[in-house]
Amino acid sequence: MSDPAASSLKPKRSLPYILTAPATLLFATMVLVPLLLTALLAFNSYDDSVGIKSTYDLHNYLAIFGDDYYLRIFWRTFWIAGLTTLICVIVGAPEAYVLSRMSRKWRAFFLIVILAPLLVSVVVRAFGWSMLLSADGLINHGLQALGMAPVKMLYTSGAIVVALVHVMLPFMVIPVWTALQRLDPTVEHAALSLNASQATVLRRILLPQVAPGVLSGSLIVFGLSASAFAIPGLLGGRRLKMVATTVYDEFLGSLNWPLGASIAIVLLVANLIIMMTYNRILERRYSKTLG
């Protein structure tokens with residue numbers, strides 16, 4: 001005879017899989033299937049007279065890693081993404097700390113200020129920065145009014161970094177601020193009452209609590225910055241290319257879809273390796289700090 005209790009547990013055990021099945025199917029259809037098709041396309045070859053040829057080889061990957069042109073683009077992309085992430089940490093972490101110490105009324109107001117740029121399209125913000133940084137823009141007009149020579153800012157790496165920091169800063173502030181919300185203020189007050197210096201409180205109490213927020217924010221900022229398209233395309237111009245704009249050119253300019261797919265896959269894999277390595281290093285340091 002079958003056990004009634006065991007049979008009643010089976011629907012309960014399968015209920016989570018049933019409830020998550022629609023979301024899993026949607027994720028597979030919208031993300032995994034296109035990614036798989038892109039990975040397969042990357043192994044095809046391309047001919048100007050024929051188009052895409054169904055020959056599976058590593059020709060595109062060899063062309064990427066054997067050409068200094070593509071290697072320079074990848075290097076430029078990753079150092080711009082890394083610099084953007086570093087600036088967001090330096091600016092966003094103190095900003096989140098100040099935000100966590102505000103009263104509710106002022107905190108709500110400044111949260112709206114921080115999140116307000118996310119309500120504006122990235123393209124609109126990029127056009128705004130292009131108007132500010134152009135040779136005939138507001139900043140150069142101000143420099144000329146002060147008797148200074150105009151400075152070339154548009155179509156430079158600095159312009160891309162400034163615009164990316166403006167776009168990515170909320171993705172750093174919010175995770176750090178959320179991590180600080182879990183910190184009990186009485187712990188900090190107790191440490192100060194025991195004659196601990198402010199530097200000791202920062203190093204032994206605040207930093208371990210902030211580390212998870214900084215880690216998650218850094219991963220988000222770096223990943224989004226390395227794959228950004230609108231800002232490098234509008235503020236970097238045709239000469240200062242990043243990986244996303246190169247993929248766009250290969251797909252819609254040269255019509256070399258296999259090469260564009262290969263560049264996109266290399267960017268994805270490199271992003272995963274960098275982010276997983278960064279995550280592992282910070283987790284080890286975080287665990288040592290807690291220990």
# chains A, B, ... in the order shown; residues from 1 in each chain; ligands from 1
>>> select_by_dssp(residues="segment 11-208 of chain A", states="alpha helix (DSSP H)", output="PyMOL selection string")
chain A and resi 11-27+33-41+59-65+68-100+104-115+122-133+138-145+157-181+185-193+198-201+207-208
>>> write_last_selection(atoms="C-alpha atoms", output="short mmCIF file (atom, residue, chain, number, x, y, z; two decimals), in the first residue's frame")
data_model
loop_
_atom_site.label_atom_id
_atom_site.label_comp_id
_atom_site.auth_asym_id
_atom_site.auth_seq_id
_atom_site.Cartn_x
_atom_site.Cartn_y
_atom_site.Cartn_z
CA PRO A 11 2.67 17.92 -5.12
CA LYS A 12 4.32 20.19 -2.55
CA ARG A 13 7.79 19.29 -3.77
CA SER A 14 6.88 19.83 -7.41
CA LEU A 15 4.99 23.07 -6.75
CA PRO A 16 8.11 25.34 -6.93
CA TYR A 17 9.09 23.82 -10.29
CA ILE A 18 5.56 24.30 -11.63
CA LEU A 19 5.44 27.93 -10.48
CA THR A 20 8.86 28.78 -11.93
CA ALA A 21 8.30 26.93 -15.22
CA PRO A 22 6.78 29.92 -17.11
CA ALA A 23 9.61 32.25 -16.05
CA THR A 24 12.21 29.59 -16.90
CA LEU A 25 10.65 29.04 -20.32
CA LEU A 26 10.56 32.79 -20.98
CA PHE A 27 14.20 33.16 -19.90
CA VAL A 33 18.19 30.51 -27.36
CA PRO A 34 19.44 33.80 -28.95
CA LEU A 35 22.75 33.38 -27.12
CA LEU A 36 23.09 29.84 -28.43
CA LEU A 37 22.29 30.96 -31.98
CA THR A 38 24.86 33.75 -31.69
CA ALA A 39 27.49 31.29 -30.47
CA LEU A 40 26.77 29.00 -33.44
CA LEU A 41 26.87 31.94 -35.85
CA HIS A 59 38.63 31.55 -38.24
CA ASN A 60 36.81 34.51 -36.63
CA TYR A 61 38.35 33.98 -33.19
CA LEU A 62 41.81 33.66 -34.70
CA ALA A 63 41.20 36.91 -36.59
CA ILE A 64 40.22 38.68 -33.34
CA PHE A 65 43.15 37.51 -31.20
CA ASP A 68 46.13 44.31 -32.83
CA TYR A 69 43.18 46.42 -33.98
CA TYR A 70 40.66 44.29 -32.09
CA LEU A 71 42.96 43.79 -29.11
CA ARG A 72 43.30 47.57 -28.70
CA ILE A 73 39.51 47.90 -28.80
CA PHE A 74 39.11 45.29 -26.06
CA TRP A 75 41.83 46.93 -23.96
CA ARG A 76 40.19 50.36 -24.36
CA THR A 77 36.81 48.93 -23.43
CA PHE A 78 38.00 47.24 -20.25
CA TRP A 79 40.13 50.08 -18.92
CA ILE A 80 37.31 52.57 -19.51
CA ALA A 81 34.89 50.22 -17.74
CA GLY A 82 37.38 49.72 -14.88
CA LEU A 83 38.00 53.46 -14.49
CA THR A 84 34.25 54.12 -14.53
CA THR A 85 33.75 51.50 -11.83
CA LEU A 86 36.54 52.96 -9.67
CA ILE A 87 35.14 56.50 -9.89
CA CYS A 88 31.65 55.22 -9.09
CA VAL A 89 33.01 53.47 -5.97
CA ILE A 90 34.93 56.58 -4.83
CA VAL A 91 31.92 58.86 -5.38
CA GLY A 92 29.02 56.50 -4.77
CA ALA A 93 30.07 54.83 -1.50
CA PRO A 94 30.46 58.11 0.48
CA GLU A 95 27.27 59.38 -1.14
CA ALA A 96 25.41 56.29 0.04
CA TYR A 97 26.86 56.71 3.55
CA VAL A 98 25.66 60.32 3.73
CA LEU A 99 22.28 59.22 2.38
CA SER A 100 21.94 56.59 5.10
CA ARG A 104 13.57 60.36 6.22
CA LYS A 105 12.32 63.54 4.56
CA TRP A 106 15.69 64.54 3.10
CA ARG A 107 16.54 60.92 2.28
CA ALA A 108 13.40 60.57 0.15
CA PHE A 109 14.21 63.81 -1.66
CA PHE A 110 17.81 62.87 -2.46
CA LEU A 111 16.78 59.34 -3.49
CA ILE A 112 14.55 60.94 -6.11
CA VAL A 113 17.48 63.13 -7.20
CA ILE A 114 19.76 60.07 -7.50
CA LEU A 115 17.21 57.98 -9.38
CA VAL A 122 20.55 57.09 -22.20
CA VAL A 123 20.53 58.49 -25.73
CA VAL A 124 19.08 61.80 -24.48
CA ARG A 125 21.71 62.01 -21.75
CA ALA A 126 24.46 61.23 -24.24
CA PHE A 127 23.23 64.01 -26.53
CA GLY A 128 23.18 66.35 -23.53
CA TRP A 129 26.80 65.58 -22.73
CA SER A 130 27.76 66.01 -26.39
CA MET A 131 26.28 69.49 -26.35
CA LEU A 132 28.14 70.32 -23.13
CA LEU A 133 31.50 68.93 -24.24
CA LEU A 138 28.62 75.44 -22.85
CA ILE A 139 31.87 74.44 -21.11
CA ASN A 140 34.12 75.81 -23.85
CA HIS A 141 32.04 79.00 -23.99
CA GLY A 142 32.66 79.39 -20.26
CA LEU A 143 36.39 78.84 -20.71
CA GLN A 144 36.52 81.43 -23.48
CA ALA A 145 34.61 83.89 -21.30
CA SER A 157 38.06 58.69 -23.62
CA GLY A 158 37.46 61.27 -20.89
CA ALA A 159 34.09 62.22 -22.38
CA ILE A 160 33.03 58.57 -22.41
CA VAL A 161 34.13 58.05 -18.79
CA VAL A 162 32.33 61.19 -17.55
CA ALA A 163 29.08 60.23 -19.28
CA LEU A 164 29.30 56.61 -18.11
CA VAL A 165 29.84 57.72 -14.50
CA HIS A 166 26.77 59.93 -14.77
CA VAL A 167 24.70 57.00 -16.05
CA MET A 168 26.11 54.27 -13.79
CA LEU A 169 26.38 56.09 -10.45
CA PRO A 170 22.86 55.14 -9.24
CA PHE A 171 23.74 51.46 -9.77
CA MET A 172 26.52 51.92 -7.22
CA VAL A 173 24.72 54.12 -4.70
CA ILE A 174 21.64 51.97 -4.27
CA PRO A 175 23.41 48.63 -3.45
CA VAL A 176 25.77 50.35 -0.97
CA TRP A 177 22.90 52.24 0.64
CA THR A 178 20.90 48.99 0.91
CA ALA A 179 23.86 47.29 2.61
CA LEU A 180 24.17 50.17 5.08
CA GLN A 181 20.49 49.83 5.99
CA PRO A 185 23.71 52.26 14.44
CA THR A 186 24.09 51.19 18.08
CA VAL A 187 27.09 49.04 17.10
CA GLU A 188 28.91 52.09 15.78
CA HIS A 189 27.92 54.13 18.86
CA ALA A 190 29.12 51.31 21.15
CA ALA A 191 32.51 51.21 19.43
CA LEU A 192 32.89 54.97 19.79
CA SER A 193 31.90 54.78 23.46
CA GLN A 198 36.65 56.93 13.80
CA ALA A 199 39.19 55.25 11.53
CA THR A 200 38.87 52.00 13.50
CA VAL A 201 35.08 52.14 13.32
CA LEU A 207 33.73 48.57 5.61
CA PRO A 208 32.80 44.90 6.26
#
>>> atom_distance(atom1="atom CA of Asp67 of chain A", atom2="atom CA of Asp48 of chain A")
19.7 Å
>>> residues_around(residues="Asn279 of chain A", least_positions_apart="2", cutoff="10 Å", atoms="only C-alpha atoms", output="ChimeraX atom specification")
/A:212,215-216,218-219,273-277,281-284
>>> closest_residue(among="A:Met153, A:Gly213, A:Ala244, A:Ala264", to="Ile231 of chain A", atoms="only C-alpha atoms")
A:Ala244
>>> closest_residue(among="A:Ala42, A:Leu183, A:Ile220, A:Gly233", to="Ile205 of chain A", atoms="only C-alpha atoms")
A:Leu183
>>> select_by_dssp(residues="segment 25-248 of chain A", states="strand (DSSP E or B)", output="PyMOL selection string")
chain A and resi 45-47+51-53
>>> atom_distance(atom1="atom CA of Ala226 of chain A", atom2="atom CA of Leu58 of chain A")
24.1 Å
>>> atom_distance(atom1="atom CA of Gly260 of chain A", atom2="atom CA of Gly237 of chain A")
18.9 Å
